[in-house]
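Source file: data13.csv. Holds: CSV, C-alpha atoms.
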```csv
chain,number,residue,atom,x,y,z
A,169,MET,CA,90.0,108.2,-107.7
A,170,ASP,CA,90.6,109.1,-111.3
A,171,LYS,CA,94.2,108.1,-111.4
A,172,PRO,CA,95.6,107.7,-114.9
A,173,ASP,CA,97.9,105.1,-116.4
A,174,ILE,CA,97.7,103.6,-119.9
A,175,GLU,CA,99.6,100.5,-120.8
A,176,LEU,CA,101.4,100.4,-124.1
A,177,ASP,CA,99.9,98.1,-126.8
A,178,PRO,CA,102.4,95.5,-128.1
A,179,GLN,CA,102.1,97.2,-131.5
A,180,GLU,CA,103.2,100.5,-129.9
A,181,LYS,CA,106.6,99.4,-128.6
A,182,PRO,CA,108.9,102.4,-128.3
A,183,SER,CA,111.5,103.0,-130.9
A,184,ARG,CA,114.9,104.6,-130.7
A,185,SER,CA,113.5,107.5,-132.6
A,186,GLY,CA,111.4,108.5,-129.6
A,187,GLY,CA,108.2,106.5,-129.8
A,188,ARG,CA,108.0,106.2,-126.1
A,189,GLN,CA,108.3,109.9,-125.7
A,190,ARG,CA,105.5,110.6,-128.1
A,191,LEU,CA,103.2,108.1,-126.3
A,192,HIS,CA,104.0,109.7,-123.0
A,193,LYS,CA,103.3,113.2,-124.5
A,194,ASN,CA,99.9,111.9,-125.5
A,195,LEU,CA,99.2,110.7,-121.9
A,196,ASP,CA,100.3,114.0,-120.5
A,197,LEU,CA,98.0,116.0,-122.9
A,198,LEU,CA,95.1,113.7,-122.2
A,199,TYR,CA,95.3,114.1,-118.4
A,200,GLN,CA,96.3,117.7,-118.3
A,201,GLY,CA,92.9,118.4,-120.1
A,202,ARG,CA,90.9,116.1,-117.8
A,203,PHE,CA,91.2,118.1,-114.6
A,204,SER,CA,91.5,121.7,-113.9
A,205,LYS,CA,94.0,123.0,-111.3
A,206,LYS,CA,91.1,123.5,-108.9
A,207,GLU,CA,89.8,120.0,-109.4
A,208,VAL,CA,93.3,118.5,-108.9
A,209,GLU,CA,93.6,120.4,-105.6
A,210,SER,CA,90.1,119.3,-104.5
A,211,LYS,CA,90.8,115.7,-105.4
A,212,ALA,CA,94.0,115.7,-103.3
A,213,ARG,CA,92.0,116.9,-100.3
A,214,VAL,CA,89.5,114.1,-100.8
A,215,TRP,CA,92.3,111.5,-100.9
A,216,GLU,CA,93.9,112.9,-97.7
A,217,VAL,CA,90.6,112.0,-95.9
A,218,LEU,CA,90.2,108.6,-97.7
A,219,CYS,CA,93.7,107.6,-96.7
A,220,ARG,CA,93.6,108.8,-93.1
A,221,TYR,CA,90.1,107.4,-92.3
A,222,PHE,CA,89.8,104.3,-94.5
A,223,PHE,CA,92.9,103.0,-96.4
A,224,GLN,CA,95.3,103.5,-93.5
A,225,ASP,CA,93.6,100.6,-91.7
A,226,TYR,CA,95.3,98.3,-94.2
A,227,VAL,CA,98.7,99.8,-94.0
A,228,SER,CA,101.2,99.6,-91.1
A,229,PRO,CA,103.9,102.2,-90.3
A,230,ASN,CA,106.7,99.8,-91.2
A,231,ASP,CA,105.2,98.6,-94.5
A,232,THR,CA,106.7,99.0,-98.0
A,233,VAL,CA,103.8,100.1,-100.2
A,234,LEU,CA,103.5,100.2,-104.0
A,235,ASP,CA,101.0,102.4,-105.7
A,236,LEU,CA,100.4,100.8,-109.1
A,237,GLY,CA,99.2,103.3,-111.7
A,238,ALA,CA,99.9,106.1,-109.2
A,239,GLY,CA,98.8,109.0,-111.5
A,240,TYR,CA,98.6,112.1,-109.4
A,241,CYS,CA,100.1,110.2,-106.4
A,242,ASP,CA,97.1,111.1,-104.3
A,243,PHE,CA,97.2,107.8,-102.4
A,244,ILE,CA,100.9,107.3,-102.0
A,245,ASN,CA,101.5,110.9,-101.0
A,246,ASN,CA,99.0,110.6,-98.1
A,247,ILE,CA,99.4,107.0,-96.9
A,248,GLN,CA,101.7,106.6,-93.8
A,249,CYS,CA,104.3,103.9,-94.2
A,250,GLN,CA,108.0,103.3,-94.1
A,251,GLU,CA,108.8,103.0,-97.8
A,252,LYS,CA,106.8,104.4,-100.7
A,253,LEU,CA,106.9,103.3,-104.4
A,254,ALA,CA,104.9,104.6,-107.3
A,255,VAL,CA,104.6,103.2,-110.8
A,256,ASP,CA,103.1,105.1,-113.7
A,257,LEU,CA,103.8,105.8,-117.4
A,258,ASN,CA,102.7,109.4,-117.1
A,259,ASN,CA,105.6,111.9,-117.3
A,260,ASP,CA,103.9,114.2,-114.8
A,261,THR,CA,103.8,111.6,-112.0
A,262,PRO,CA,107.4,112.2,-110.8
A,263,LEU,CA,106.6,115.9,-110.6
A,264,LEU,CA,103.5,115.3,-108.4
A,265,ALA,CA,105.1,112.8,-106.0
A,266,HIS,CA,106.1,114.1,-102.5
A,267,PRO,CA,109.7,113.8,-101.3
A,268,GLY,CA,110.3,110.2,-100.1
A,269,VAL,CA,108.2,108.7,-102.9
A,270,ARG,CA,110.3,106.6,-105.4
A,271,VAL,CA,108.7,106.8,-108.9
A,272,GLU,CA,109.3,104.2,-111.6
A,273,GLN,CA,108.1,104.3,-115.2
A,274,ALA,CA,107.2,100.7,-115.9
A,275,LYS,CA,104.4,98.5,-117.2
A,276,SER,CA,102.3,96.8,-114.6
A,277,THR,CA,102.9,93.5,-116.4
A,278,LYS,CA,106.6,93.7,-115.9
A,279,LEU,CA,107.8,95.1,-112.5
A,280,SER,CA,111.3,93.7,-113.1
A,281,PHE,CA,112.8,96.5,-110.9
A,282,LEU,CA,111.2,94.8,-107.8
A,283,ALA,CA,112.5,91.7,-106.2
A,284,ASP,CA,110.2,88.7,-105.3
A,285,GLU,CA,108.3,89.2,-102.0
A,286,SER,CA,109.6,92.7,-101.4
A,287,ILE,CA,106.3,94.6,-101.0
A,288,ASP,CA,103.8,94.5,-98.0
A,289,VAL,CA,100.9,96.3,-99.7
A,290,VAL,CA,100.1,97.0,-103.4
A,291,PHE,CA,97.4,99.5,-104.0
A,292,THR,CA,95.7,100.4,-107.3
A,293,SER,CA,92.9,102.8,-108.1
A,294,ASN,CA,91.0,103.4,-111.3
A,295,PHE,CA,93.8,101.6,-113.2
A,296,LEU,CA,92.8,98.2,-114.5
A,297,GLU,CA,90.2,99.6,-116.9
A,298,HIS,CA,93.1,101.3,-118.8
A,299,LEU,CA,94.8,98.0,-119.7
A,300,ARG,CA,94.2,96.8,-123.2
A,301,THR,CA,93.1,93.2,-122.5
A,302,LYS,CA,92.0,91.0,-119.6
A,303,GLU,CA,95.2,89.0,-120.4
A,304,GLU,CA,97.2,92.1,-119.4
A,305,ALA,CA,95.1,92.3,-116.2
A,306,LEU,CA,96.0,88.7,-115.4
A,307,GLN,CA,99.7,89.4,-116.1
A,308,THR,CA,99.4,92.3,-113.8
A,309,PHE,CA,97.9,90.2,-111.0
A,310,ASN,CA,100.7,87.7,-111.6
A,311,GLU,CA,103.4,90.4,-111.1
A,312,VAL,CA,101.6,91.7,-108.0
A,313,HIS,CA,101.5,88.2,-106.5
A,314,ARG,CA,105.2,87.8,-107.2
A,315,VAL,CA,106.3,91.0,-105.5
A,316,LEU,CA,104.0,90.7,-102.5
A,317,LYS,CA,105.3,89.1,-99.3
A,318,LYS,CA,103.5,86.1,-98.0
A,319,GLY,CA,100.4,87.5,-96.3
A,320,GLY,CA,100.8,90.8,-98.2
A,321,LEU,CA,97.7,92.7,-99.3
A,322,PHE,CA,96.5,93.8,-102.8
A,323,LEU,CA,94.0,96.7,-102.4
A,324,ILE,CA,91.9,97.5,-105.5
A,325,LEU,CA,89.6,100.4,-105.9
A,326,GLN,CA,87.8,99.9,-109.3
A,327,PRO,CA,84.9,101.4,-111.2
A,328,ASN,CA,82.2,98.7,-111.3
A,329,ILE,CA,80.5,98.7,-114.7
A,330,ARG,CA,77.5,96.9,-113.3
A,331,HIS,CA,76.8,100.0,-111.2
A,332,VAL,CA,78.3,102.7,-113.5
A,333,GLY,CA,76.6,101.6,-116.8
A,334,PHE,CA,77.4,103.3,-120.1
A,335,GLU,CA,79.0,106.3,-118.3
A,336,TYR,CA,81.9,103.9,-117.9
A,337,TRP,CA,82.8,104.6,-121.5
A,338,ASP,CA,82.8,108.4,-121.2
A,339,PHE,CA,86.6,108.2,-120.7
A,340,PHE,CA,88.6,107.8,-123.9
A,341,ASP,CA,91.2,105.6,-122.2
A,342,HIS,CA,88.9,103.0,-120.8
A,343,HIS,CA,89.4,99.6,-122.6
A,344,ILE,CA,88.2,96.7,-120.5
A,345,ALA,CA,85.0,96.5,-118.4
A,346,LEU,CA,85.1,94.9,-114.9
A,347,THR,CA,82.8,94.1,-112.1
A,348,ASP,CA,83.6,93.1,-108.5
A,349,LYS,CA,82.7,89.5,-109.5
A,350,SER,CA,85.0,89.4,-112.6
A,351,LEU,CA,87.8,90.9,-110.5
A,352,ILE,CA,87.4,88.1,-107.9
A,353,GLU,CA,87.5,85.4,-110.6
A,354,GLY,CA,90.7,86.9,-112.0
A,355,LEU,CA,92.4,87.2,-108.6
A,356,LEU,CA,91.4,83.6,-107.7
A,357,ILE,CA,93.1,82.4,-111.0
A,358,LYS,CA,96.3,83.9,-109.6
A,359,GLU,CA,95.8,82.2,-106.2
A,360,PHE,CA,94.9,85.3,-104.2
A,361,LYS,CA,92.7,84.9,-101.2
A,362,ILE,CA,89.7,87.3,-101.1
A,363,LYS,CA,89.5,89.0,-97.7
A,364,ARG,CA,87.0,91.8,-98.3
A,365,VAL,CA,84.6,92.9,-101.1
A,366,ILE,CA,82.6,96.1,-101.1
A,367,SER,CA,80.6,96.1,-104.3
A,368,LYS,CA,79.4,99.7,-103.9
A,369,PHE,CA,81.9,102.0,-102.1
A,370,LEU,CA,82.9,105.3,-103.6
A,371,PRO,CA,81.2,107.4,-106.4
A,372,PHE,CA,82.5,106.9,-109.9
A,373,THR,CA,84.6,110.0,-110.2
A,374,THR,CA,85.6,113.1,-108.2
A,375,LYS,CA,83.7,115.0,-110.9
A,376,SER,CA,80.5,113.5,-109.3
A,377,LYS,CA,78.2,116.0,-107.7
A,378,ILE,CA,78.9,114.6,-104.2
A,379,PRO,CA,80.1,117.3,-101.8
A,380,GLN,CA,83.9,117.2,-101.5
A,381,HIS,CA,84.5,119.2,-98.3
A,382,PRO,CA,86.8,117.0,-96.1
A,383,PHE,CA,84.2,116.8,-93.3
A,384,LEU,CA,81.5,115.6,-95.7
A,385,VAL,CA,83.9,113.0,-97.2
A,386,TRP,CA,84.7,111.8,-93.6
A,387,LEU,CA,80.9,111.6,-92.9
A,388,TYR,CA,80.4,109.6,-96.1
A,389,LEU,CA,83.0,107.1,-94.9
A,390,LYS,CA,81.2,106.7,-91.6
A,391,ILE,CA,77.8,105.8,-93.2
A,392,PRO,CA,78.0,102.6,-95.2
A,393,LEU,CA,74.3,102.8,-95.9
A,394,VAL,CA,75.0,105.8,-98.2
A,395,TRP,CA,77.6,103.8,-100.1
A,396,ARG,CA,74.7,101.5,-101.3
A,397,VAL,CA,73.1,104.6,-102.9
A,398,MET,CA,76.0,106.6,-104.2
A,399,GLY,CA,78.7,104.0,-104.6
A,400,LYS,CA,79.7,103.0,-108.2
A,401,GLN,CA,83.2,101.8,-107.4
A,402,SER,CA,84.1,98.5,-105.8
A,403,PHE,CA,86.8,98.0,-103.2
A,404,LEU,CA,88.5,94.6,-102.9
A,405,VAL,CA,91.2,93.3,-100.5
A,406,ALA,CA,93.1,90.2,-101.7
A,407,GLU,CA,95.9,88.4,-99.8
A,408,LYS,CA,98.8,86.5,-101.1
```
Take the structure in the file and give it back as structure tokens.
Amino acid sequence: MDKPDIELDPQEKPSRSGGRQRLHKNLDLLYQGRFSKKEVESKARVWEVLCRYFFQDYVSPNDTVLDLGAGYCDFINNIQCQEKLAVDLNNDTPLLAHPGVRVEQAKSTKLSFLADESIDVVFTSNFLEHLRTKEEALQTFNEVHRVLKKGGLFLILQPNIRHVGFEYWDFFDHHIALTDKSLIEGLLIKEFKIKRVISKFLPFTTKSKIPQHPFLVWLYLKIPLVWRVMGKQSFLVAEK
């Protein structure tokens, strides 16, 4: 949860004078102030449990996995697979990636460093709301579809504004609002097959008042009935 990545607006294209560096500096400052060191460490422990007892079910040991909008690399650092790739514009992301994780600074709408049908699983968490327009979201879906192998999976963990409400806009870098239903429509436009939809899964943010001890996170995952009460993020699985 809470993984940052902001796409560059077309009017904010980097210049040779260092425009991209200034934009990245703004990203760095924004996210350095969002979480304390203690919160970052606590969030990493939460993700270790989430990966081991939930997301790992969708990833095989021999898979090549792309974490799109990787942020703090909480997912890609903890998931078990053969090859790990992370994409994010945040300058801190390479510093947070574990050994063995390849980090690329690229826009989600142009993953030109990846060949067609080269990825088994694409994962993204708390990312799509940072895109400037739904057209960019569709372009992102198109690129994900291109790089996925046939039968490959697109895993999306996403704040659901239908459940979050106005709290959705408490983050300065949220631009577009999505629900599980609008996500499904966008994915179908790009010819994905919808395999699983959990409308209410995880709380909105790790800053929520839910206990974050690893055992309690594990227990939360084991009781889907609680998701219906506390869940404000949706989880979708789409297949190419």
Open item on the list: Ranking A:His266, A:Lys368, A:His313, A:His331 by minimum distance to Asp284 in chain A and counting all atoms listed in the file, which one comes first?
Closed with: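 Ranked by minimum distance to Asp284 in chain A, first place goes to A:His313.
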- [ ] List the neighbours of Val217 in chain A out to 7 Å using all atoms listed in the file; skip same-chain residues closer than 6 positions along the sequence, and give me the result as a list in words.
- [x]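 Those residues are Pro382, Val385 and Trp386 of chain A.
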Could you write those residues out with C-alpha atoms, as a PDB file, in the coordinates of the input?
```pdb
ATOM      1  CA  PRO A 382      86.800 117.000 -96.100  1.00  0.00           C
ATOM      2  CA  VAL A 385      83.900 113.000 -97.200  1.00  0.00           C
ATOM      3  CA  TRP A 386      84.700 111.800 -93.600  1.00  0.00           C
TER       4      TRP A 386
END
```
TODO: Mind giving me the straight-line distance from CA of Lys211 in chain A to CA of Gln224 in chain A in Å, one decimal?
DONE: 17.6 Å
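Here the question is which of A:Tyr240, A:Tyr226, A:Phe383, A:Phe334 gets nearest to Val289 in chain A using all atoms listed in the file, and that residue is A:Tyr226.
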Open item on the list: Using all atoms listed in the file for the distances, tell me which of A:Leu263, A:Leu370, A:Leu387, A:Leu236 is nearest to Leu323 in chain A.
Closed with: A:Leu236
Open item on the list: Show me, as an MDAnalysis selection string, the residues that have an atom within 9 Å of Met398 in chain A when counting only C-alpha atoms, minus same-chain residues fewer than 3 positions from it.
Closed with: chainID A and resid 368:372 378 394:395
